[in-house]
>>> print(open('input21.cif').read())   # mmCIF, C-alpha atoms and all ligand atoms
data_input
loop_
_atom_site.label_atom_id
_atom_site.label_comp_id
_atom_site.auth_asym_id
_atom_site.auth_seq_id
_atom_site.Cartn_x
_atom_site.Cartn_y
_atom_site.Cartn_z
CA MET A 1 -14.30 16.82 3.90
CA ASP A 2 -11.61 14.54 2.46
CA VAL A 3 -8.12 15.00 3.89
CA ILE A 4 -4.76 13.31 3.37
CA ARG A 5 -2.33 13.89 6.24
CA PRO A 6 0.71 12.32 7.93
CA ALA A 7 -0.30 9.62 10.41
CA LEU A 8 -0.04 10.30 14.14
CA LEU A 9 0.63 7.68 16.80
CA ASP A 10 -3.03 7.95 17.80
CA ASP A 11 -4.02 6.80 14.30
CA ALA A 12 -2.47 3.35 14.84
CA PRO A 13 -5.75 1.62 15.89
CA ALA A 14 -7.68 3.12 12.95
CA ILE A 15 -4.91 2.16 10.50
CA ALA A 16 -4.85 -1.37 11.95
CA ARG A 17 -8.62 -1.65 11.48
CA VAL A 18 -8.43 -0.49 7.84
CA HIS A 19 -5.46 -2.81 7.26
CA ILE A 20 -7.28 -5.90 8.55
CA GLU A 21 -10.64 -5.08 6.93
CA SER A 22 -8.92 -4.44 3.59
CA TRP A 23 -6.93 -7.66 3.80
CA ARG A 24 -10.14 -9.58 4.46
CA SER A 25 -12.03 -8.03 1.55
CA THR A 26 -9.12 -7.94 -0.92
CA TYR A 27 -7.57 -11.35 -0.30
CA ARG A 28 -10.70 -13.41 0.43
CA ARG A 29 -10.24 -15.35 -2.80
CA LEU A 30 -6.45 -15.66 -2.51
CA LEU A 31 -5.75 -16.52 1.15
CA ALA A 32 -7.21 -19.05 3.58
CA ALA A 33 -10.17 -17.87 5.65
CA ASP A 34 -8.61 -19.06 8.92
CA PHE A 35 -5.48 -17.03 8.20
CA LEU A 36 -7.54 -13.88 7.48
CA ASP A 37 -9.71 -14.54 10.56
CA SER A 38 -6.57 -14.80 12.70
CA LEU A 39 -5.39 -11.23 11.98
CA ALA A 40 -5.61 -9.52 15.35
CA LEU A 41 -6.37 -5.84 15.87
CA SER A 42 -4.13 -5.55 18.93
CA GLU A 43 -1.14 -7.00 17.10
CA TYR A 44 -1.63 -4.73 14.09
CA THR A 45 -2.15 -1.71 16.35
CA ASN A 46 1.19 -2.47 18.05
CA ARG A 47 2.86 -2.94 14.70
CA TRP A 48 1.56 0.40 13.35
CA THR A 49 2.42 2.19 16.60
CA ARG A 50 6.02 1.02 16.20
CA PHE A 51 6.05 1.82 12.48
CA ILE A 52 4.72 5.37 12.91
CA GLY A 53 6.87 5.97 15.98
CA ASP A 54 10.24 4.83 14.72
CA GLY A 55 10.29 7.48 12.00
CA THR A 56 12.11 5.34 9.42
CA SER A 57 9.18 5.45 7.01
CA ARG A 58 6.44 7.86 5.99
CA VAL A 59 2.84 6.95 6.80
CA TYR A 60 -0.21 8.88 5.60
CA VAL A 61 -3.92 8.48 6.22
CA ALA A 62 -6.93 9.39 4.09
CA GLU A 63 -9.91 10.71 6.03
CA ASP A 64 -13.42 10.81 4.64
CA GLY A 65 -16.11 12.41 6.77
CA GLY A 66 -13.67 12.60 9.70
CA ALA A 67 -12.87 8.87 9.75
CA VAL A 68 -9.71 7.12 8.55
CA VAL A 69 -10.72 5.16 5.42
CA GLY A 70 -7.28 4.49 3.94
CA PHE A 71 -3.56 4.68 4.51
CA ALA A 72 -0.27 4.32 2.68
CA SER A 73 3.34 4.01 3.72
CA GLY A 74 6.72 4.19 2.04
CA GLY A 75 10.42 4.63 2.61
CA HIS A 76 13.75 3.11 1.66
CA GLU A 77 13.56 0.08 -0.61
CA ARG A 78 13.71 -3.02 1.61
CA ALA A 79 14.69 -6.04 -0.46
CA GLY A 80 17.92 -4.98 -2.14
CA GLU A 81 16.45 -4.30 -5.58
CA VAL A 82 19.49 -2.69 -7.18
CA ALA A 83 17.76 -0.25 -9.50
CA TYR A 84 15.44 1.20 -6.84
CA SER A 85 16.02 3.14 -3.63
CA GLY A 86 12.43 4.07 -2.70
CA GLU A 87 9.44 1.81 -2.06
CA LEU A 88 5.70 2.19 -1.61
CA TYR A 89 5.30 -0.37 1.17
CA ALA A 90 1.54 -0.53 1.54
CA ILE A 91 -1.63 1.19 0.37
CA TYR A 92 -5.13 0.24 1.47
CA VAL A 93 -8.47 1.97 1.08
CA LEU A 94 -11.65 0.46 2.59
CA ASP A 95 -13.83 -1.25 0.01
CA ALA A 96 -16.70 1.22 0.36
CA PHE A 97 -14.38 4.20 -0.20
CA GLN A 98 -12.48 2.97 -3.26
CA ARG A 99 -12.61 4.69 -6.67
CA ARG A 100 -13.00 8.14 -5.11
CA GLY A 101 -9.42 9.27 -5.70
CA HIS A 102 -8.08 8.46 -2.22
CA GLY A 103 -5.57 5.99 -3.68
CA LEU A 104 -4.10 8.55 -6.07
CA GLU A 105 -3.85 11.17 -3.32
CA LEU A 106 -2.20 8.70 -0.93
CA VAL A 107 0.39 7.86 -3.58
CA ARG A 108 0.97 11.58 -4.12
CA ALA A 109 1.62 11.95 -0.37
CA VAL A 110 4.03 9.00 -0.24
CA VAL A 111 5.89 10.30 -3.29
CA GLY A 112 6.26 13.65 -1.51
CA GLY A 113 7.60 11.82 1.55
CA LEU A 114 10.12 9.86 -0.52
CA GLN A 115 11.29 13.10 -2.12
CA GLU A 116 11.76 14.63 1.35
CA MET A 117 13.91 11.61 2.22
CA GLY A 118 16.06 12.32 -0.85
CA LEU A 119 14.77 9.29 -2.78
CA ASP A 120 14.02 9.71 -6.46
CA ASP A 121 12.43 6.46 -7.61
CA MET A 122 9.86 3.97 -6.34
CA ILE A 123 9.05 0.27 -6.50
CA ILE A 124 5.89 -1.51 -5.32
CA TRP A 125 5.20 -5.22 -4.83
CA VAL A 126 1.68 -6.57 -5.38
CA LEU A 127 0.21 -10.07 -5.45
CA LYS A 128 0.10 -11.23 -9.06
CA ASP A 129 -3.59 -12.16 -8.79
CA ASN A 130 -4.59 -8.81 -7.27
CA ARG A 131 -5.78 -7.56 -10.65
CA PRO A 132 -7.53 -4.33 -9.48
CA ALA A 133 -4.43 -3.11 -7.66
CA ARG A 134 -2.25 -3.95 -10.67
CA LEU A 135 -4.56 -1.87 -12.87
CA PHE A 136 -4.21 0.99 -10.36
CA TYR A 137 -0.38 0.87 -10.55
CA GLU A 138 -0.50 0.60 -14.34
CA ARG A 139 -2.82 3.63 -14.43
CA LEU A 140 -0.17 5.48 -12.37
CA GLY A 141 2.42 4.69 -15.04
CA GLY A 142 4.26 1.92 -13.17
CA ILE A 143 6.35 -0.32 -15.40
CA TYR A 144 6.52 -4.07 -14.77
CA VAL A 145 9.83 -5.04 -13.12
CA ARG A 146 9.66 -8.76 -12.26
CA THR A 147 7.79 -11.66 -10.66
CA GLN A 148 8.87 -13.70 -7.64
CA PRO A 149 7.34 -16.30 -5.30
CA ILE A 150 5.97 -15.22 -1.91
CA THR A 151 4.51 -17.14 1.02
CA VAL A 152 1.59 -15.48 2.82
CA GLY A 153 0.29 -17.51 5.75
CA SER A 154 0.32 -21.04 4.32
CA ALA A 155 -0.29 -19.95 0.71
CA SER A 156 2.43 -20.07 -1.94
CA LEU A 157 1.71 -17.23 -4.32
CA GLU A 158 3.50 -14.96 -6.75
CA GLU A 159 4.06 -11.24 -6.47
CA VAL A 160 4.98 -8.79 -9.17
CA SER A 161 6.73 -5.47 -8.93
CA TYR A 162 6.10 -2.20 -10.70
CA GLY A 163 8.62 0.60 -10.77
CA TRP A 164 8.93 4.28 -11.50
CA PRO A 165 12.59 4.99 -12.33
CA ARG A 166 11.92 8.67 -11.54
CA LEU A 167 9.24 10.04 -9.23
CA ASP A 168 8.20 12.64 -11.78
CA LEU A 169 7.04 9.71 -13.93
CA VAL A 170 4.19 8.95 -11.50
CA ARG A 171 1.02 9.84 -13.44
CA TYR A 172 -1.75 11.14 -11.17
C1 LIG A 201 -5.71 -0.22 -5.07
C2 LIG A 201 -6.31 0.91 -4.22
C3 LIG A 201 -5.31 1.42 -3.21
C4 LIG A 201 -6.68 2.07 -5.18
O1 LIG A 201 -7.25 3.12 -4.41
P1 LIG A 201 -8.59 3.86 -4.86
O2 LIG A 201 -8.85 4.97 -3.94
O3 LIG A 201 -9.67 2.84 -5.04
O4 LIG A 201 -8.14 4.37 -6.32
P2 LIG A 201 -8.47 5.76 -7.04
O5 LIG A 201 -9.89 6.14 -6.85
O6 LIG A 201 -7.44 6.75 -6.66
O7 LIG A 201 -8.27 5.26 -8.56
C5 LIG A 201 -7.50 5.96 -9.48
C6 LIG A 201 -7.52 5.23 -10.80
O8 LIG A 201 -6.84 3.96 -10.69
C7 LIG A 201 -7.53 3.00 -11.53
N1 LIG A 201 -8.16 1.99 -10.68
C8 LIG A 201 -8.31 2.03 -9.33
N2 LIG A 201 -8.95 0.92 -8.91
C9 LIG A 201 -9.21 0.18 -10.00
C10 LIG A 201 -9.88 -1.06 -10.21
N3 LIG A 201 -10.41 -1.74 -9.18
N4 LIG A 201 -9.98 -1.52 -11.47
C11 LIG A 201 -9.48 -0.84 -12.50
N5 LIG A 201 -8.83 0.35 -12.36
C12 LIG A 201 -8.71 0.85 -11.14
C13 LIG A 201 -8.60 3.77 -12.27
O9 LIG A 201 -8.01 4.28 -13.45
C14 LIG A 201 -8.90 4.89 -11.31
O10 LIG A 201 -9.48 6.01 -11.90
P3 LIG A 201 -11.09 6.05 -12.16
O11 LIG A 201 -11.75 5.62 -10.88
O12 LIG A 201 -11.35 7.49 -12.50
O13 LIG A 201 -11.35 5.08 -13.28
C15 LIG A 201 -7.62 0.47 -3.52
O14 LIG A 201 -8.53 0.04 -4.47
C16 LIG A 201 -7.40 -0.61 -2.49
O15 LIG A 201 -7.12 -0.32 -1.34
N6 LIG A 201 -7.58 -1.88 -2.88
C17 LIG A 201 -7.57 -2.97 -1.94
C18 LIG A 201 -6.23 -3.15 -1.28
C19 LIG A 201 -5.09 -3.38 -2.24
O16 LIG A 201 -5.19 -4.18 -3.16
N7 LIG A 201 -3.99 -2.65 -2.00
C20 LIG A 201 -2.78 -2.77 -2.76
C21 LIG A 201 -1.97 -3.88 -2.22
S1 LIG A 201 -0.38 -3.97 -3.03
#
>>> encode(input="input21.cif", output="structure tokens", more="lines below")
Ligand SMILES: CC(C)(COP(=O)(O)OP(=O)(O)OC[C@H]1O[C@@H](n2cnc3c(N)ncnc32)[C@H](O)[C@@H]1OP(=O)(O)O)[C@@H](O)C(=O)NCCC(=O)NCCS
Amino acid sequence: MDVIRPALLDDAPAIARVHIESWRSTYRRLLAADFLDSLALSEYTNRWTRFIGDGTSRVYVAEDGGAVVGFASGGHERAGEVAYSGELYAIYVLDAFQRRGHGLELVRAVVGGLQEMGLDDMIIWVLKDNRPARLFYERLGGIYVRTQPITVGSASLEEVSYGWPRLDLVRY
């Protein structure tokens, strides 16, 4: 059965695995292989343990057949974007489990979390060349905000933002 639920501390290793696997499959064409190879499960597990434990953000997992196949997180906007107070920080679904609606349901969960935090809008940053993810955000009704440079590993890339000025504008 498919389930979306808040992440527990014990989910940190599974989230870290999905995070690294998704980075490797999604960014293979955009980022250097040695950088992607260097992503370490123990480091990401520690990072997600801290992130889930400190309670400053909301983290949700998608389970399919009892295993974590995706996750998403969100909270207060981080970069000082004046028009936005909420942010979808990250959303990743394993390659083999994409296009089954997990992404939409994870966004729905994060939006609910932002509303619980008293936030009423949302911004998301995505690599400009990550076309499938951009189509996903456009499908959700996100409006283009702006483009800025970003360094990931040793790569100089561009990222674009999409925004929802009100959370009831998210189109599921
Ligand atoms: C982007 C992502 C989170 C979407 O999750 P998902 O579970 O695959 O998406 P859903 O099944 O909920 O898709 C909902 C709708 O979004 C659109 N969509 C999703 N993926 C798409 C794609 N690759 N190309 C075009 N449209 C897409 C479609 O309209 C889709 O509906 P449909 O399948 O009925 O046509 C997922 O594909 C993913 O993890 N990608 C790799 C990691 C990534 O890029 N994360 C975002 C980083 S900012």
>>> closest_residue(input="input21.cif", among="A:Pro132, A:Pro6, A:Gly141, A:Pro165", to="Val68 (chain A)", atoms="all atoms listed in the file")
A:Pro6
>>> atom_distance(input="input21.cif", atom1="CA of Leu140 (chain A)", atom2="CA of Leu169 (chain A)")
8.5 Å
>>> closest_residue(input="input21.cif", among="A:Asp11, A:Asp129, A:Asp37, A:Glu159", to="Tyr60 (chain A)", atoms="all atoms listed in the file")
A:Asp11
>>> closest_residue(input="input21.cif", among="A:Leu88, A:Leu135, A:Val93, A:Val61", to="Glu21 (chain A)", atoms="only C-alpha atoms")
A:Val93
>>> residues_near_ligand(input="input21.cif", ligand="ligand LIG 201 (chain A)", cutoff="10 Å", atoms="all atoms listed in the file", output="ChimeraX atom specification")
/A:18-19,21-27,62,69-72,88-107,124-140,159-161,172
>>> write_last_selection(input="input21.cif", atoms="C-alpha atoms", output="PDB file, in the coordinates of the input")
ATOM      1  CA  VAL A  18      -8.430  -0.490   7.840  1.00  0.00           C
ATOM      2  CA  HIS A  19      -5.460  -2.810   7.260  1.00  0.00           C
ATOM      3  CA  GLU A  21     -10.640  -5.080   6.930  1.00  0.00           C
ATOM      4  CA  SER A  22      -8.920  -4.440   3.590  1.00  0.00           C
ATOM      5  CA  TRP A  23      -6.930  -7.660   3.800  1.00  0.00           C
ATOM      6  CA  ARG A  24     -10.140  -9.580   4.460  1.00  0.00           C
ATOM      7  CA  SER A  25     -12.030  -8.030   1.550  1.00  0.00           C
ATOM      8  CA  THR A  26      -9.120  -7.940  -0.920  1.00  0.00           C
ATOM      9  CA  TYR A  27      -7.570 -11.350  -0.300  1.00  0.00           C
ATOM     10  CA  ALA A  62      -6.930   9.390   4.090  1.00  0.00           C
ATOM     11  CA  VAL A  69     -10.720   5.160   5.420  1.00  0.00           C
ATOM     12  CA  GLY A  70      -7.280   4.490   3.940  1.00  0.00           C
ATOM     13  CA  PHE A  71      -3.560   4.680   4.510  1.00  0.00           C
ATOM     14  CA  ALA A  72      -0.270   4.320   2.680  1.00  0.00           C
ATOM     15  CA  LEU A  88       5.700   2.190  -1.610  1.00  0.00           C
ATOM     16  CA  TYR A  89       5.300  -0.370   1.170  1.00  0.00           C
ATOM     17  CA  ALA A  90       1.540  -0.530   1.540  1.00  0.00           C
ATOM     18  CA  ILE A  91      -1.630   1.190   0.370  1.00  0.00           C
ATOM     19  CA  TYR A  92      -5.130   0.240   1.470  1.00  0.00           C
ATOM     20  CA  VAL A  93      -8.470   1.970   1.080  1.00  0.00           C
ATOM     21  CA  LEU A  94     -11.650   0.460   2.590  1.00  0.00           C
ATOM     22  CA  ASP A  95     -13.830  -1.250   0.010  1.00  0.00           C
ATOM     23  CA  ALA A  96     -16.700   1.220   0.360  1.00  0.00           C
ATOM     24  CA  PHE A  97     -14.380   4.200  -0.200  1.00  0.00           C
ATOM     25  CA  GLN A  98     -12.480   2.970  -3.260  1.00  0.00           C
ATOM     26  CA  ARG A  99     -12.610   4.690  -6.670  1.00  0.00           C
ATOM     27  CA  ARG A 100     -13.000   8.140  -5.110  1.00  0.00           C
ATOM     28  CA  GLY A 101      -9.420   9.270  -5.700  1.00  0.00           C
ATOM     29  CA  HIS A 102      -8.080   8.460  -2.220  1.00  0.00           C
ATOM     30  CA  GLY A 103      -5.570   5.990  -3.680  1.00  0.00           C
ATOM     31  CA  LEU A 104      -4.100   8.550  -6.070  1.00  0.00           C
ATOM     32  CA  GLU A 105      -3.850  11.170  -3.320  1.00  0.00           C
ATOM     33  CA  LEU A 106      -2.200   8.700  -0.930  1.00  0.00           C
ATOM     34  CA  VAL A 107       0.390   7.860  -3.580  1.00  0.00           C
ATOM     35  CA  ILE A 124       5.890  -1.510  -5.320  1.00  0.00           C
ATOM     36  CA  TRP A 125       5.200  -5.220  -4.830  1.00  0.00           C
ATOM     37  CA  VAL A 126       1.680  -6.570  -5.380  1.00  0.00           C
ATOM     38  CA  LEU A 127       0.210 -10.070  -5.450  1.00  0.00           C
ATOM     39  CA  LYS A 128       0.100 -11.230  -9.060  1.00  0.00           C
ATOM     40  CA  ASP A 129      -3.590 -12.160  -8.790  1.00  0.00           C
ATOM     41  CA  ASN A 130      -4.590  -8.810  -7.270  1.00  0.00           C
ATOM     42  CA  ARG A 131      -5.780  -7.560 -10.650  1.00  0.00           C
ATOM     43  CA  PRO A 132      -7.530  -4.330  -9.480  1.00  0.00           C
ATOM     44  CA  ALA A 133      -4.430  -3.110  -7.660  1.00  0.00           C
ATOM     45  CA  ARG A 134      -2.250  -3.950 -10.670  1.00  0.00           C
ATOM     46  CA  LEU A 135      -4.560  -1.870 -12.870  1.00  0.00           C
ATOM     47  CA  PHE A 136      -4.210   0.990 -10.360  1.00  0.00           C
ATOM     48  CA  TYR A 137      -0.380   0.870 -10.550  1.00  0.00           C
ATOM     49  CA  GLU A 138      -0.500   0.600 -14.340  1.00  0.00           C
ATOM     50  CA  ARG A 139      -2.820   3.630 -14.430  1.00  0.00           C
ATOM     51  CA  LEU A 140      -0.170   5.480 -12.370  1.00  0.00           C
ATOM     52  CA  GLU A 159       4.060 -11.240  -6.470  1.00  0.00           C
ATOM     53  CA  VAL A 160       4.980  -8.790  -9.170  1.00  0.00           C
ATOM     54  CA  SER A 161       6.730  -5.470  -8.930  1.00  0.00           C
ATOM     55  CA  TYR A 172      -1.750  11.140 -11.170  1.00  0.00           C
TER      56      TYR A 172
END
>>> closest_residue(input="input21.cif", among="A:Glu158, A:Leu31, A:Gly74, A:Val82", to="Gly55 (chain A)", atoms="all atoms listed in the file")
A:Gly74
>>> atom_distance(input="input21.cif", atom1="CA of Ile150 (chain A)", atom2="CA of Asp121 (chain A)")
23.3 Å
>>> residues_around(input="input21.cif", residues="region 151-155 of chain A", least_positions_apart="5", cutoff="9 Å", atoms="only C-alpha atoms", output="tab-separated table (two decimals) with C-alpha atoms, in the frame of the given file")
chain	number	residue	atom	x	y	z
A	30	LEU	CA	-6.45	-15.66	-2.51
A	31	LEU	CA	-5.75	-16.52	1.15
A	32	ALA	CA	-7.21	-19.05	3.58
A	35	PHE	CA	-5.48	-17.03	8.20
A	36	LEU	CA	-7.54	-13.88	7.48
>>> closest_residue(input="input21.cif", among="A:Arg29, A:Leu8, A:Ile123, A:Gly86", to="Arg146 (chain A)", atoms="only C-alpha atoms")
A:Ile123
>>> closest_residue(input="input21.cif", among="A:Phe51, A:Gly113, A:Leu41, A:Tyr84", to="Ile20 (chain A)", atoms="all atoms listed in the file")
A:Leu41
>>> atom_distance(input="input21.cif", atom1="CA of Asn46 (chain A)", atom2="CA of Ser73 (chain A)")
15.9 Å
>>> residues_near_point(input="input21.cif", point="(13.0, 11.8, 5.1)", cutoff="9 Å", atoms="all atoms listed in the file", output="mmCIF file with C-alpha atoms, in the frame of the given file")
data_model
loop_
_atom_site.group_PDB
_atom_site.id
_atom_site.type_symbol
_atom_site.label_atom_id
_atom_site.label_comp_id
_atom_site.auth_asym_id
_atom_site.auth_seq_id
_atom_site.Cartn_x
_atom_site.Cartn_y
_atom_site.Cartn_z
ATOM 1 C CA GLY A 55 10.290 7.480 12.000
ATOM 2 C CA THR A 56 12.110 5.340 9.420
ATOM 3 C CA SER A 57 9.180 5.450 7.010
ATOM 4 C CA ARG A 58 6.440 7.860 5.990
ATOM 5 C CA GLY A 75 10.420 4.630 2.610
ATOM 6 C CA GLY A 113 7.600 11.820 1.550
ATOM 7 C CA LEU A 114 10.120 9.860 -0.520
ATOM 8 C CA GLN A 115 11.290 13.100 -2.120
ATOM 9 C CA GLU A 116 11.760 14.630 1.350
ATOM 10 C CA MET A 117 13.910 11.610 2.220
ATOM 11 C CA GLY A 118 16.060 12.320 -0.850
ATOM 12 C CA LEU A 119 14.770 9.290 -2.780
#
>>> axis_aligned_box(input="input21.cif", around="region 50-64 of chain A", padding_each_side="6 Å", output="AutoDock Vina command-line options")
--center_x -0.7 --center_y 5.9 --center_z 10.1 --size_x 37.5 --size_y 21.8 --size_z 24.1
>>> residues_near_point(input="input21.cif", point="(7.0, -1.4, -15.2)", cutoff="7 Å", atoms="all atoms listed in the file", output="list in words")
Gly142, Ile143, Tyr144, Val145, Tyr162 and Gly163 of chain A
>>> decode(input="input21.cif", residues="region 35-135 of chain A", atoms="C-alpha atoms", output="PDB file, in the first residue's frame")
ATOM      1  CA  PHE A  35      31.340  14.372  -7.292  1.00  0.00           C
ATOM      2  CA  LEU A  36      28.265  12.100  -7.469  1.00  0.00           C
ATOM      3  CA  ASP A  37      30.393   9.061  -6.548  1.00  0.00           C
ATOM      4  CA  SER A  38      31.707  10.918  -3.502  1.00  0.00           C
ATOM      5  CA  LEU A  39      28.261  11.347  -1.872  1.00  0.00           C
ATOM      6  CA  ALA A  40      28.506   9.269   1.291  1.00  0.00           C
ATOM      7  CA  LEU A  41      25.603   7.451   2.907  1.00  0.00           C
ATOM      8  CA  SER A  42      26.914   7.999   6.442  1.00  0.00           C
ATOM      9  CA  GLU A  43      27.232  11.749   5.932  1.00  0.00           C
ATOM     10  CA  TYR A  44      23.738  12.041   4.441  1.00  0.00           C
ATOM     11  CA  THR A  45      22.297   9.855   7.203  1.00  0.00           C
ATOM     12  CA  ASN A  46      23.813  12.200   9.804  1.00  0.00           C
ATOM     13  CA  ARG A  47      22.512  15.216   7.933  1.00  0.00           C
ATOM     14  CA  TRP A  48      18.954  13.823   7.748  1.00  0.00           C
ATOM     15  CA  THR A  49      19.064  12.711  11.384  1.00  0.00           C
ATOM     16  CA  ARG A  50      19.871  16.300  12.372  1.00  0.00           C
ATOM     17  CA  PHE A  51      17.292  17.723   9.970  1.00  0.00           C
ATOM     18  CA  ILE A  52      14.446  15.491  11.186  1.00  0.00           C
ATOM     19  CA  GLY A  53      15.494  15.869  14.819  1.00  0.00           C
ATOM     20  CA  ASP A  54      15.843  19.627  15.061  1.00  0.00           C
ATOM     21  CA  GLY A  55      12.172  20.174  14.224  1.00  0.00           C
ATOM     22  CA  THR A  56      12.706  23.400  12.267  1.00  0.00           C
ATOM     23  CA  SER A  57      11.388  21.877   9.053  1.00  0.00           C
ATOM     24  CA  ARG A  58       8.795  19.324   7.983  1.00  0.00           C
ATOM     25  CA  VAL A  59       9.987  16.095   6.392  1.00  0.00           C
ATOM     26  CA  TYR A  60       7.709  13.475   4.819  1.00  0.00           C
ATOM     27  CA  VAL A  61       8.365  10.097   3.249  1.00  0.00           C
ATOM     28  CA  ALA A  62       6.504   8.178   0.554  1.00  0.00           C
ATOM     29  CA  GLU A  63       6.345   4.429   1.090  1.00  0.00           C
ATOM     30  CA  ASP A  64       5.548   1.961  -1.655  1.00  0.00           C
ATOM     31  CA  GLY A  65       5.257  -1.686  -0.707  1.00  0.00           C
ATOM     32  CA  GLY A  66       6.582  -0.886   2.779  1.00  0.00           C
ATOM     33  CA  ALA A  67       9.822   0.734   1.576  1.00  0.00           C
ATOM     34  CA  VAL A  68      10.715   4.427   1.487  1.00  0.00           C
ATOM     35  CA  VAL A  69      10.813   5.399  -2.205  1.00  0.00           C
ATOM     36  CA  GLY A  70      10.641   9.189  -1.892  1.00  0.00           C
ATOM     37  CA  PHE A  71      10.769  12.107   0.483  1.00  0.00           C
ATOM     38  CA  ALA A  72      10.154  15.844   0.601  1.00  0.00           C
ATOM     39  CA  SER A  73      10.950  18.602   3.050  1.00  0.00           C
ATOM     40  CA  GLY A  74       9.941  22.202   3.567  1.00  0.00           C
ATOM     41  CA  GLY A  75       9.851  25.052   6.030  1.00  0.00           C
ATOM     42  CA  HIS A  76      10.681  28.732   6.323  1.00  0.00           C
ATOM     43  CA  GLU A  77      12.141  30.317   3.199  1.00  0.00           C
ATOM     44  CA  ARG A  78      15.942  30.268   3.563  1.00  0.00           C
ATOM     45  CA  ALA A  79      17.492  32.777   1.177  1.00  0.00           C
ATOM     46  CA  GLY A  80      15.726  36.033   2.014  1.00  0.00           C
ATOM     47  CA  GLU A  81      13.393  36.072  -0.989  1.00  0.00           C
ATOM     48  CA  VAL A  82      11.191  38.981   0.050  1.00  0.00           C
ATOM     49  CA  ALA A  83       7.911  37.866  -1.479  1.00  0.00           C
ATOM     50  CA  TYR A  84       8.013  34.343  -0.019  1.00  0.00           C
ATOM     51  CA  SER A  85       7.974  32.967   3.527  1.00  0.00           C
ATOM     52  CA  GLY A  86       7.637  29.226   2.834  1.00  0.00           C
ATOM     53  CA  GLU A  87       9.906  26.933   0.819  1.00  0.00           C
ATOM     54  CA  LEU A  88       9.809  23.403  -0.552  1.00  0.00           C
ATOM     55  CA  TYR A  89      13.428  22.503   0.195  1.00  0.00           C
ATOM     56  CA  ALA A  90      13.750  19.133  -1.480  1.00  0.00           C
ATOM     57  CA  ILE A  91      11.676  16.453  -3.177  1.00  0.00           C
ATOM     58  CA  TYR A  92      13.049  13.192  -4.525  1.00  0.00           C
ATOM     59  CA  VAL A  93      11.358  10.030  -5.725  1.00  0.00           C
ATOM     60  CA  LEU A  94      13.419   7.008  -6.854  1.00  0.00           C
ATOM     61  CA  ASP A  95      13.583   6.664 -10.623  1.00  0.00           C
ATOM     62  CA  ALA A  96      11.638   3.401 -10.711  1.00  0.00           C
ATOM     63  CA  PHE A  97       8.781   4.898  -8.658  1.00  0.00           C
ATOM     64  CA  GLN A  98       8.287   8.166 -10.527  1.00  0.00           C
ATOM     65  CA  ARG A  99       5.073   9.089 -12.380  1.00  0.00           C
ATOM     66  CA  ARG A 100       2.896   7.212  -9.888  1.00  0.00           C
ATOM     67  CA  GLY A 101       1.625  10.275  -8.045  1.00  0.00           C
ATOM     68  CA  HIS A 102       4.087  10.137  -5.133  1.00  0.00           C
ATOM     69  CA  GLY A 103       5.477  13.573  -6.050  1.00  0.00           C
ATOM     70  CA  LEU A 104       2.057  15.228  -5.972  1.00  0.00           C
ATOM     71  CA  GLU A 105       1.207  13.589  -2.645  1.00  0.00           C
ATOM     72  CA  LEU A 106       4.543  14.614  -1.124  1.00  0.00           C
ATOM     73  CA  VAL A 107       3.926  18.215  -2.180  1.00  0.00           C
ATOM     74  CA  ARG A 108       0.448  18.008  -0.653  1.00  0.00           C
ATOM     75  CA  ALA A 109       2.033  16.855   2.631  1.00  0.00           C
ATOM     76  CA  VAL A 110       4.646  19.641   2.639  1.00  0.00           C
ATOM     77  CA  VAL A 111       1.972  22.234   1.868  1.00  0.00           C
ATOM     78  CA  GLY A 112      -0.005  20.938   4.853  1.00  0.00           C
ATOM     79  CA  GLY A 113       3.125  21.240   6.996  1.00  0.00           C
ATOM     80  CA  LEU A 114       3.763  24.809   5.854  1.00  0.00           C
ATOM     81  CA  GLN A 115       0.158  25.695   6.673  1.00  0.00           C
ATOM     82  CA  GLU A 116       0.602  24.215  10.166  1.00  0.00           C
ATOM     83  CA  MET A 117       3.651  26.472  10.554  1.00  0.00           C
ATOM     84  CA  GLY A 118       1.481  29.478   9.664  1.00  0.00           C
ATOM     85  CA  LEU A 119       3.112  29.961   6.243  1.00  0.00           C
ATOM     86  CA  ASP A 120       0.873  30.788   3.307  1.00  0.00           C
ATOM     87  CA  ASP A 121       3.085  30.736   0.221  1.00  0.00           C
ATOM     88  CA  MET A 122       5.875  28.589  -1.208  1.00  0.00           C
ATOM     89  CA  ILE A 123       8.975  28.896  -3.369  1.00  0.00           C
ATOM     90  CA  ILE A 124      11.114  26.108  -4.848  1.00  0.00           C
ATOM     91  CA  TRP A 125      14.558  26.235  -6.469  1.00  0.00           C
ATOM     92  CA  VAL A 126      15.432  23.770  -9.230  1.00  0.00           C
ATOM     93  CA  LEU A 127      18.417  23.415 -11.554  1.00  0.00           C
ATOM     94  CA  LYS A 128      17.579  25.166 -14.812  1.00  0.00           C
ATOM     95  CA  ASP A 129      18.513  22.090 -16.864  1.00  0.00           C
ATOM     96  CA  ASN A 130      16.397  19.721 -14.762  1.00  0.00           C
ATOM     97  CA  ARG A 131      13.610  19.826 -17.324  1.00  0.00           C
ATOM     98  CA  PRO A 132      11.412  16.990 -15.908  1.00  0.00           C
ATOM     99  CA  ALA A 133      11.295  18.587 -12.460  1.00  0.00           C
ATOM    100  CA  ARG A 134      10.487  21.981 -13.976  1.00  0.00           C
ATOM    101  CA  LEU A 135       7.577  20.405 -15.863  1.00  0.00           C
TER     102      LEU A 135
END
